[in-house]
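**Student:** Following this line is final_33.cif, made up of mmCIF, C-alpha atoms:
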```
data_coords
#
loop_
_atom_site.group_PDB
_atom_site.id
_atom_site.type_symbol
_atom_site.label_atom_id
_atom_site.label_comp_id
_atom_site.auth_asym_id
_atom_site.auth_seq_id
_atom_site.Cartn_x
_atom_site.Cartn_y
_atom_site.Cartn_z
ATOM 1 C CA MET Z 1 -3.602 -15.111 -24.511
ATOM 2 C CA THR Z 2 -3.101 -16.353 -28.034
ATOM 3 C CA ARG Z 3 0.629 -16.181 -28.326
ATOM 4 C CA ARG Z 4 3.728 -16.700 -26.260
ATOM 5 C CA THR Z 5 6.803 -14.500 -26.287
ATOM 6 C CA GLU Z 6 10.011 -15.495 -24.524
ATOM 7 C CA TRP Z 7 12.702 -12.984 -23.665
ATOM 8 C CA ALA Z 8 16.095 -14.197 -22.626
ATOM 9 C CA GLY Z 9 17.565 -12.403 -19.646
ATOM 10 C CA GLU Z 10 14.319 -10.853 -18.503
ATOM 11 C CA SER Z 11 14.804 -7.979 -16.115
ATOM 12 C CA GLY Z 12 13.243 -7.726 -12.717
ATOM 13 C CA PRO Z 13 11.520 -4.875 -10.964
ATOM 14 C CA GLY Z 14 14.690 -3.024 -10.113
ATOM 15 C CA ASP Z 15 16.176 -3.062 -13.617
ATOM 16 C CA GLU Z 16 16.073 -0.066 -15.912
ATOM 17 C CA ALA Z 17 15.843 -2.037 -19.104
ATOM 18 C CA GLY Z 18 12.663 -3.500 -20.446
ATOM 19 C CA PRO Z 19 12.299 -6.919 -21.978
ATOM 20 C CA PRO Z 20 15.176 -7.463 -24.413
ATOM 21 C CA GLY Z 21 14.424 -7.178 -28.089
ATOM 22 C CA PRO Z 22 15.171 -4.885 -31.000
ATOM 23 C CA ALA Z 23 13.496 -1.513 -30.850
ATOM 24 C CA ARG Z 24 11.628 -0.350 -33.914
ATOM 25 C CA ARG Z 25 13.387 2.446 -35.756
ATOM 26 C CA PRO Z 26 12.110 4.659 -38.543
ATOM 27 C CA GLY Z 27 13.732 4.816 -41.922
ATOM 28 C CA HIS Z 28 14.568 2.385 -44.690
ATOM 29 C CA GLY Z 29 16.933 2.277 -47.590
ATOM 30 C CA SER Z 30 20.125 0.687 -48.798
ATOM 31 C CA ARG Z 31 22.696 -0.310 -46.224
ATOM 32 C CA GLU Z 32 25.503 0.093 -48.760
ATOM 33 C CA GLY Z 33 28.065 2.576 -47.481
ATOM 34 C CA ARG Z 34 25.962 3.307 -44.399
ATOM 35 C CA GLY Z 35 26.757 0.385 -42.092
ATOM 36 C CA THR Z 36 24.295 -1.781 -40.242
ATOM 37 C CA ARG Z 37 21.143 -0.309 -38.747
ATOM 38 C CA GLY Z 38 22.626 -0.668 -35.260
ATOM 39 C CA GLU Z 39 25.745 1.214 -36.386
ATOM 40 C CA GLN Z 40 23.577 3.961 -37.855
ATOM 41 C CA VAL Z 41 21.652 4.392 -34.623
ATOM 42 C CA ASP Z 42 24.859 4.407 -32.597
ATOM 43 C CA ARG Z 43 26.315 7.056 -34.918
ATOM 44 C CA ILE Z 44 23.189 9.194 -34.573
ATOM 45 C CA ALA Z 45 23.356 8.837 -30.815
ATOM 46 C CA HIS Z 46 27.001 9.863 -30.584
ATOM 47 C CA ASP Z 47 26.524 12.743 -33.009
ATOM 48 C CA GLY Z 48 23.595 13.890 -30.905
ATOM 49 C CA ASP Z 49 25.804 14.060 -27.820
ATOM 50 C CA ARG Z 50 27.624 16.968 -29.456
ATOM 51 C CA GLY Z 51 24.486 18.820 -30.526
ATOM 52 C CA ASP Z 52 21.782 20.834 -28.840
ATOM 53 C CA PRO Z 53 19.722 19.365 -25.979
ATOM 54 C CA ALA Z 54 16.993 18.024 -28.274
ATOM 55 C CA GLU Z 55 19.556 16.264 -30.469
ATOM 56 C CA ARG Z 56 21.281 14.884 -27.376
ATOM 57 C CA ALA Z 57 17.945 13.633 -26.045
ATOM 58 C CA ARG Z 58 17.108 11.908 -29.329
ATOM 59 C CA GLY Z 59 20.530 10.269 -29.415
ATOM 60 C CA ILE Z 60 20.250 9.004 -25.846
ATOM 61 C CA CYS Z 61 16.799 7.555 -26.462
ATOM 62 C CA LEU Z 62 17.801 5.879 -29.708
ATOM 63 C CA ARG Z 63 20.835 4.315 -28.081
ATOM 64 C CA LEU Z 64 18.759 2.948 -25.203
ATOM 65 C CA LEU Z 65 15.990 1.667 -27.472
ATOM 66 C CA THR Z 66 18.507 -0.197 -29.615
ATOM 67 C CA GLY Z 67 19.065 -2.632 -26.756
ATOM 68 C CA SER Z 68 15.458 -3.222 -25.707
ATOM 69 C CA PRO Z 69 12.045 -1.560 -25.503
ATOM 70 C CA ARG Z 70 11.671 0.990 -22.704
ATOM 71 C CA THR Z 71 8.772 2.776 -21.125
ATOM 72 C CA ARG Z 72 8.416 6.522 -21.338
ATOM 73 C CA LYS Z 73 9.307 6.843 -17.655
ATOM 74 C CA GLN Z 74 12.475 4.794 -18.056
ATOM 75 C CA LEU Z 75 13.619 7.055 -20.881
ATOM 76 C CA ALA Z 76 12.580 10.200 -19.003
ATOM 77 C CA ASP Z 77 14.644 9.076 -16.013
ATOM 78 C CA ALA Z 78 17.638 8.452 -18.261
ATOM 79 C CA LEU Z 79 17.340 11.909 -19.831
ATOM 80 C CA ARG Z 80 17.059 13.535 -16.422
ATOM 81 C CA LYS Z 81 20.264 11.818 -15.312
ATOM 82 C CA ARG Z 82 21.955 13.251 -18.395
ATOM 83 C CA GLU Z 83 20.683 16.711 -17.404
ATOM 84 C CA ILE Z 84 18.380 17.152 -20.380
ATOM 85 C CA PRO Z 85 15.876 19.947 -19.556
ATOM 86 C CA ASP Z 86 12.452 18.559 -18.695
ATOM 87 C CA GLU Z 87 10.646 20.532 -21.387
ATOM 88 C CA VAL Z 88 13.046 19.275 -24.053
ATOM 89 C CA ALA Z 89 12.764 15.702 -22.818
ATOM 90 C CA ASP Z 90 8.966 15.894 -22.833
ATOM 91 C CA GLU Z 91 8.915 17.132 -26.417
ATOM 92 C CA VAL Z 92 11.296 14.421 -27.634
ATOM 93 C CA LEU Z 93 9.491 11.636 -25.776
ATOM 94 C CA THR Z 94 6.119 12.759 -27.094
ATOM 95 C CA ARG Z 95 7.487 12.667 -30.637
ATOM 96 C CA PHE Z 96 8.878 9.164 -30.044
ATOM 97 C CA GLU Z 97 5.422 8.071 -28.894
ATOM 98 C CA GLU Z 98 3.833 9.557 -32.012
ATOM 99 C CA VAL Z 99 6.088 7.544 -34.316
ATOM 100 C CA GLY Z 100 5.697 4.339 -32.262
ATOM 101 C CA LEU Z 101 9.175 4.089 -30.785
ATOM 102 C CA ILE Z 102 7.642 4.329 -27.311
ATOM 103 C CA ASP Z 103 4.476 2.338 -26.658
ATOM 104 C CA ASP Z 104 3.795 1.678 -22.989
ATOM 105 C CA GLY Z 105 0.667 -0.336 -23.781
ATOM 106 C CA ALA Z 106 2.526 -2.734 -26.061
ATOM 107 C CA PHE Z 107 5.371 -2.899 -23.534
ATOM 108 C CA ALA Z 108 2.924 -3.891 -20.769
ATOM 109 C CA ASP Z 109 1.187 -6.517 -22.923
ATOM 110 C CA ALA Z 110 4.469 -8.147 -23.898
ATOM 111 C CA TRP Z 111 5.810 -7.958 -20.334
ATOM 112 C CA VAL Z 112 2.768 -9.763 -18.935
ATOM 113 C CA GLU Z 113 2.926 -12.461 -21.590
ATOM 114 C CA SER Z 114 6.626 -13.136 -21.165
ATOM 115 C CA ARG Z 115 6.856 -12.921 -17.387
ATOM 116 C CA HIS Z 116 3.815 -15.106 -16.819
ATOM 117 C CA HIS Z 117 5.032 -17.849 -19.142
ATOM 118 C CA GLY Z 118 8.720 -17.504 -18.313
ATOM 119 C CA ARG Z 119 8.573 -16.929 -14.540
ATOM 120 C CA GLY Z 120 5.038 -17.958 -13.646
ATOM 121 C CA LEU Z 121 4.196 -14.569 -12.171
ATOM 122 C CA ALA Z 122 0.579 -13.864 -11.269
ATOM 123 C CA ARG Z 123 -1.371 -10.699 -12.010
ATOM 124 C CA ARG Z 124 -0.534 -9.011 -8.720
ATOM 125 C CA ALA Z 125 3.234 -9.445 -9.158
ATOM 126 C CA LEU Z 126 3.084 -8.399 -12.819
ATOM 127 C CA ALA Z 127 1.162 -5.237 -11.946
ATOM 128 C CA ARG Z 128 3.738 -4.416 -9.272
ATOM 129 C CA GLU Z 129 6.613 -4.777 -11.738
ATOM 130 C CA LEU Z 130 4.908 -2.601 -14.349
ATOM 131 C CA ARG Z 131 4.220 0.111 -11.766
ATOM 132 C CA THR Z 132 7.933 0.280 -10.981
ATOM 133 C CA LYS Z 133 8.549 0.911 -14.680
ATOM 134 C CA GLY Z 134 6.127 3.830 -14.728
ATOM 135 C CA VAL Z 135 3.341 2.268 -16.791
ATOM 136 C CA ASP Z 136 -0.014 3.987 -16.357
ATOM 137 C CA THR Z 137 -2.546 2.200 -14.149
ATOM 138 C CA SER Z 138 -5.117 1.880 -16.937
ATOM 139 C CA LEU Z 139 -2.550 0.234 -19.232
ATOM 140 C CA ILE Z 140 -1.498 -2.127 -16.443
ATOM 141 C CA GLU Z 141 -5.075 -3.177 -15.814
ATOM 142 C CA GLU Z 142 -5.617 -3.800 -19.511
ATOM 143 C CA ALA Z 143 -2.413 -5.840 -19.784
ATOM 144 C CA VAL Z 144 -2.976 -8.066 -16.752
ATOM 145 C CA SER Z 145 -6.544 -8.716 -17.876
ATOM 146 C CA GLN Z 146 -4.967 -11.023 -20.468
ATOM 147 C CA LEU Z 147 -4.752 -13.525 -17.603
ATOM 148 C CA ASP Z 148 -7.954 -14.916 -16.149
ATOM 149 C CA SER Z 149 -8.338 -16.791 -12.869
ATOM 150 C CA ASP Z 150 -8.429 -20.197 -14.546
ATOM 151 C CA GLN Z 151 -5.157 -19.615 -16.378
ATOM 152 C CA GLU Z 152 -3.559 -18.212 -13.254
ATOM 153 C CA GLU Z 153 -4.590 -21.264 -11.226
ATOM 154 C CA ALA Z 154 -3.350 -23.646 -13.918
ATOM 155 C CA THR Z 155 0.051 -21.958 -13.811
ATOM 156 C CA ALA Z 156 0.070 -22.148 -10.006
ATOM 157 C CA ARG Z 157 -0.558 -25.903 -10.208
ATOM 158 C CA ASP Z 158 2.305 -26.321 -12.676
ATOM 159 C CA LEU Z 159 4.651 -24.383 -10.384
ATOM 160 C CA VAL Z 160 3.725 -26.517 -7.381
ATOM 161 C CA GLU Z 161 4.101 -29.727 -9.379
ATOM 162 C CA ARG Z 162 7.639 -28.749 -10.414
ATOM 163 C CA LYS Z 163 8.600 -27.776 -6.864
ATOM 164 C CA LEU Z 164 6.909 -30.700 -5.112
ATOM 165 C CA ARG Z 165 9.690 -33.232 -5.624
ATOM 166 C CA SER Z 166 12.327 -31.011 -4.014
ATOM 167 C CA THR Z 167 10.255 -30.797 -0.821
ATOM 168 C CA ARG Z 168 9.896 -34.538 -0.298
ATOM 169 C CA GLY Z 169 11.531 -35.624 2.922
ATOM 170 C CA LEU Z 170 10.442 -32.494 4.769
ATOM 171 C CA ASP Z 171 7.675 -32.673 7.345
ATOM 172 C CA ARG Z 172 4.190 -31.904 6.111
ATOM 173 C CA ASP Z 173 3.796 -28.435 7.616
ATOM 174 C CA LYS Z 174 7.165 -27.280 6.305
ATOM 175 C CA ARG Z 175 6.275 -28.508 2.819
ATOM 176 C CA MET Z 176 2.997 -26.628 2.978
ATOM 177 C CA ARG Z 177 4.645 -23.391 4.033
ATOM 178 C CA ARG Z 178 7.436 -23.663 1.494
ATOM 179 C CA LEU Z 179 5.149 -24.371 -1.456
ATOM 180 C CA ALA Z 180 2.547 -21.792 -0.505
ATOM 181 C CA GLY Z 181 5.285 -19.239 0.178
ATOM 182 C CA MET Z 182 6.702 -19.806 -3.302
ATOM 183 C CA LEU Z 183 3.320 -19.004 -4.824
ATOM 184 C CA ALA Z 184 2.866 -15.975 -2.574
ATOM 185 C CA ARG Z 185 6.177 -14.507 -3.735
ATOM 186 C CA LYS Z 186 4.976 -14.825 -7.325
ATOM 187 C CA GLY Z 187 1.837 -12.850 -6.535
ATOM 188 C CA TYR Z 188 -0.792 -15.579 -6.189
ATOM 189 C CA PRO Z 189 -3.702 -14.866 -3.822
ATOM 190 C CA GLU Z 190 -3.327 -16.636 -0.479
ATOM 191 C CA GLY Z 191 -6.589 -18.550 -0.807
ATOM 192 C CA MET Z 192 -5.637 -19.935 -4.202
ATOM 193 C CA ALA Z 193 -2.108 -20.765 -3.053
ATOM 194 C CA LEU Z 194 -3.313 -22.688 0.005
ATOM 195 C CA ARG Z 195 -5.906 -24.629 -1.981
ATOM 196 C CA VAL Z 196 -3.526 -25.588 -4.789
ATOM 197 C CA VAL Z 197 -0.840 -26.753 -2.366
ATOM 198 C CA ARG Z 198 -3.298 -28.722 -0.217
ATOM 199 C CA GLU Z 199 -4.695 -30.497 -3.271
ATOM 200 C CA ALA Z 200 -1.202 -31.324 -4.557
ATOM 201 C CA LEU Z 201 -0.230 -32.871 -1.227
ATOM 202 C CA GLU Z 202 -3.505 -34.764 -0.986
ATOM 203 C CA ALA Z 203 -2.817 -36.180 -4.462
ATOM 204 C CA GLU Z 204 0.388 -37.648 -3.006
ATOM 205 C CA GLY Z 205 -1.702 -39.436 -0.407
ATOM 206 C CA GLN Z 206 -1.404 -37.054 2.534
ATOM 207 C CA ASP Z 207 -4.609 -36.611 4.478
ATOM 208 C CA ILE Z 208 -5.043 -32.917 5.215
ATOM 209 C CA GLU Z 209 -7.971 -31.209 6.846
ATOM 210 C CA PRO Z 210 -8.581 -27.614 5.666
ATOM 211 C CA GLU Z 211 -8.444 -26.248 9.223
ATOM 212 C CA GLU Z 212 -5.005 -27.822 9.687
ATOM 213 C CA PHE Z 213 -3.503 -25.800 6.870
ATOM 214 C CA PRO Z 214 -1.140 -23.183 8.347
ATOM 215 C CA GLY Z 215 -1.117 -19.563 7.252
ATOM 216 C CA LEU Z 216 1.787 -17.961 5.464
ATOM 217 C CA THR Z 217 3.907 -17.110 8.468
ATOM 218 C CA GLY Z 218 7.506 -17.707 9.375
ATOM 219 C CA ASP Z 219 10.653 -17.846 7.260
ATOM 220 C CA ASP Z 220 9.178 -20.161 4.635
ATOM 221 C CA ALA Z 221 6.597 -17.546 3.610
ATOM 222 C CA CYS Z 222 9.154 -14.819 2.947
#
```
Go ahead and express the file in the form of structure tokens.

**Tutor:**
Amino acid sequence: MTRRTEWAGESGPGDEAGPPGPARRPGHGSREGRGTRGEQVDRIAHDGDRGDPAERARGICLRLLTGSPRTRKQLADALRKREIPDEVADEVLTRFEEVGLIDDGAFADAWVESRHHGRGLARRALARELRTKGVDTSLIEEAVSQLDSDQEEATARDLVERKLRSTRGLDRDKRMRRLAGMLARKGYPEGMALRVVREALEAEGQDIEPEEFPGLTGDDAC
């Protein structure tokens, strides 16, 4: 990847919101007598609540997008909860896609970039999160392809290095399980996790034979 994007307060797999940030909104012009852009969107949203279903749907979507980008599925779920008819919701969401207010591909790209740099998540964990947000499989594959194996392993080594100090004083096997379990939770392949942890411990002077390395079992691997 060629750039790094940080989002404060990143949401996890169970959250409805996407990565925080201002949503793009159509329209330009003087703000004089019209309030801020956020106030305009909020006014449109509230006015829409009193209109027909399509107007209500547009208002709901605009209000949600003001806080952060959302996927089409996240917005569709929100409209369904507000009892917007499916055919109306589909029409409104398609129009939002046409004008660029919904872009699941861009959402996935930015999510991968931020969550890998900010939380150290590997491709497998990132793909899992994006699936929960309803991103299409082809878009997920394209987004996670931003990360190659070398970059993923470098991040794994950084994670282990930061965690290593807090495990000193524990017996060797417990340290191994704890460090490898941390990487497993972040989606790193088991083989990579075991190798990176073994090499980090060997660099501290511990003599470890590959066949001695325990698998990811027990409480420390959860």

**Student:** So how many Å separate atom CA of Ala154 of chain Z and atom CA of Ala106 of chain Z, to one decimal?

**Tutor:**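 Distance reported for this atom pair: 24.9 Å.
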
**Student:** If I wrap all listed atoms of segment 82-100 of chain Z in a box with edges along x, y and z and add 6 Å on each side, what are its centre and edge lengths in Å to one decimal, as AutoDock Vina command-line options?

**Tutor:**
```
--center_x 12.9 --center_y 12.4 --center_z -25.9 --size_x 30.1 --size_y 28.2 --size_z 28.9
```

**Student:** How would you write, as a list of chain:residue names, the residues chosen by the PyMOL selection byres ((chain Z and resi 73) around 8) on this structure?

**Tutor:**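 In the shown coordinates, the PyMOL selection byres ((chain Z and resi 73) around 8) covers Z:Thr71, Z:Arg72, Z:Gln74, Z:Leu75, Z:Ala76, Z:Asp77, Z:Lys133, Z:Gly134, Z:Val135.
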
**Student:** For a test of reading the model, state the distance in Å between atom CA of Pro85 of chain Z and atom CA of Thr132 of chain Z, rounded to one decimal.

**Tutor:**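 Answer for the atom CA of Pro85 of chain Z to atom CA of Thr132 of chain Z separation: 22.9 Å.
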
**Student:** What is the distance between atom CA of Arg131 of chain Z and atom CA of Leu179 of chain Z, in Å to one decimal?

**Tutor:** 26.6 Å

**Student:** Expand the PyMOL selection byres ((chain Z and resi 115-128) around 7) into the individual residues it matches in the shown file, reporting them as a ChimeraX atom specification.

**Tutor:** /Z:6,111-114,129-132,140,144,152,155,186-188

**Student:** Given the file above and the PyMOL selection byres ((chain Z and resi 84) around 12), which residues are selected, and can you give them as a PDB file with C-alpha atoms, keeping the file's coordinate frame?

**Tutor:**
```
ATOM      1  CA  ASP Z  49      25.804  14.060 -27.820  1.00  0.00           C
ATOM      2  CA  GLY Z  51      24.486  18.820 -30.526  1.00  0.00           C
ATOM      3  CA  ASP Z  52      21.782  20.834 -28.840  1.00  0.00           C
ATOM      4  CA  PRO Z  53      19.722  19.365 -25.979  1.00  0.00           C
ATOM      5  CA  ALA Z  54      16.993  18.024 -28.274  1.00  0.00           C
ATOM      6  CA  GLU Z  55      19.556  16.264 -30.469  1.00  0.00           C
ATOM      7  CA  ARG Z  56      21.281  14.884 -27.376  1.00  0.00           C
ATOM      8  CA  ALA Z  57      17.945  13.633 -26.045  1.00  0.00           C
ATOM      9  CA  ARG Z  58      17.108  11.908 -29.329  1.00  0.00           C
ATOM     10  CA  GLY Z  59      20.530  10.269 -29.415  1.00  0.00           C
ATOM     11  CA  ILE Z  60      20.250   9.004 -25.846  1.00  0.00           C
ATOM     12  CA  CYS Z  61      16.799   7.555 -26.462  1.00  0.00           C
ATOM     13  CA  LEU Z  75      13.619   7.055 -20.881  1.00  0.00           C
ATOM     14  CA  ALA Z  76      12.580  10.200 -19.003  1.00  0.00           C
ATOM     15  CA  ASP Z  77      14.644   9.076 -16.013  1.00  0.00           C
ATOM     16  CA  ALA Z  78      17.638   8.452 -18.261  1.00  0.00           C
ATOM     17  CA  LEU Z  79      17.340  11.909 -19.831  1.00  0.00           C
ATOM     18  CA  ARG Z  80      17.059  13.535 -16.422  1.00  0.00           C
ATOM     19  CA  LYS Z  81      20.264  11.818 -15.312  1.00  0.00           C
ATOM     20  CA  ARG Z  82      21.955  13.251 -18.395  1.00  0.00           C
ATOM     21  CA  GLU Z  83      20.683  16.711 -17.404  1.00  0.00           C
ATOM     22  CA  PRO Z  85      15.876  19.947 -19.556  1.00  0.00           C
ATOM     23  CA  ASP Z  86      12.452  18.559 -18.695  1.00  0.00           C
ATOM     24  CA  GLU Z  87      10.646  20.532 -21.387  1.00  0.00           C
ATOM     25  CA  VAL Z  88      13.046  19.275 -24.053  1.00  0.00           C
ATOM     26  CA  ALA Z  89      12.764  15.702 -22.818  1.00  0.00           C
ATOM     27  CA  ASP Z  90       8.966  15.894 -22.833  1.00  0.00           C
ATOM     28  CA  GLU Z  91       8.915  17.132 -26.417  1.00  0.00           C
ATOM     29  CA  VAL Z  92      11.296  14.421 -27.634  1.00  0.00           C
ATOM     30  CA  LEU Z  93       9.491  11.636 -25.776  1.00  0.00           C
TER      31      LEU Z  93
END
```

**Student:** How would segment 58-73 of chain Z read, as a CSV table (one decimal), in the coordinates of the input, once N, CA, C and O atoms are built in?

**Tutor:**
```csv
chain,number,residue,atom,x,y,z
Z,58,ARG,N,17.5,12.9,-28.3
Z,58,ARG,CA,17.1,11.9,-29.3
Z,58,ARG,C,18.2,10.8,-29.4
Z,58,ARG,O,17.9,9.6,-29.5
Z,59,GLY,N,19.4,11.2,-29.3
Z,59,GLY,CA,20.5,10.3,-29.4
Z,59,GLY,C,20.5,9.3,-28.2
Z,59,GLY,O,20.7,8.1,-28.4
Z,60,ILE,N,20.3,9.8,-27.0
Z,60,ILE,CA,20.2,9.0,-25.8
Z,60,ILE,C,19.1,8.0,-26.0
Z,60,ILE,O,19.3,6.8,-25.7
Z,61,CYS,N,18.0,8.5,-26.4
Z,61,CYS,CA,16.8,7.6,-26.5
Z,61,CYS,C,17.0,6.5,-27.5
Z,61,CYS,O,16.7,5.3,-27.3
Z,62,LEU,N,17.5,6.9,-28.7
Z,62,LEU,CA,17.8,5.9,-29.7
Z,62,LEU,C,18.8,4.8,-29.2
Z,62,LEU,O,18.6,3.6,-29.5
Z,63,ARG,N,19.8,5.3,-28.6
Z,63,ARG,CA,20.8,4.3,-28.1
Z,63,ARG,C,20.2,3.3,-27.1
Z,63,ARG,O,20.5,2.1,-27.1
Z,64,LEU,N,19.4,3.8,-26.2
Z,64,LEU,CA,18.8,2.9,-25.2
Z,64,LEU,C,17.8,2.0,-25.9
Z,64,LEU,O,17.7,0.8,-25.5
Z,65,LEU,N,17.0,2.5,-26.8
Z,65,LEU,CA,16.0,1.7,-27.5
Z,65,LEU,C,16.6,0.6,-28.4
Z,65,LEU,O,15.9,-0.4,-28.7
Z,66,THR,N,17.8,0.8,-28.8
Z,66,THR,CA,18.5,-0.2,-29.6
Z,66,THR,C,18.6,-1.5,-28.9
Z,66,THR,O,18.5,-2.6,-29.4
Z,67,GLY,N,18.9,-1.4,-27.5
Z,67,GLY,CA,19.1,-2.6,-26.8
Z,67,GLY,C,17.8,-3.3,-26.4
Z,67,GLY,O,17.7,-4.6,-26.5
Z,68,SER,N,16.7,-2.6,-26.1
Z,68,SER,CA,15.5,-3.2,-25.7
Z,68,SER,C,14.4,-2.1,-25.6
Z,68,SER,O,14.7,-1.0,-25.4
Z,69,PRO,N,13.1,-2.5,-25.7
Z,69,PRO,CA,12.0,-1.6,-25.5
Z,69,PRO,C,12.1,-0.9,-24.1
Z,69,PRO,O,12.5,-1.6,-23.2
Z,70,ARG,N,11.7,0.3,-24.0
Z,70,ARG,CA,11.7,1.0,-22.7
Z,70,ARG,C,10.3,1.7,-22.6
Z,70,ARG,O,9.7,2.1,-23.6
Z,71,THR,N,10.0,2.0,-21.3
Z,71,THR,CA,8.8,2.8,-21.1
Z,71,THR,C,9.2,4.2,-21.2
Z,71,THR,O,10.3,4.6,-21.1
Z,72,ARG,N,8.1,5.1,-21.3
Z,72,ARG,CA,8.4,6.5,-21.3
Z,72,ARG,C,9.1,7.0,-20.1
Z,72,ARG,O,10.1,7.8,-20.1
Z,73,LYS,N,8.7,6.4,-18.9
Z,73,LYS,CA,9.3,6.8,-17.7
Z,73,LYS,C,10.8,6.4,-17.6
Z,73,LYS,O,11.6,7.2,-17.1
```
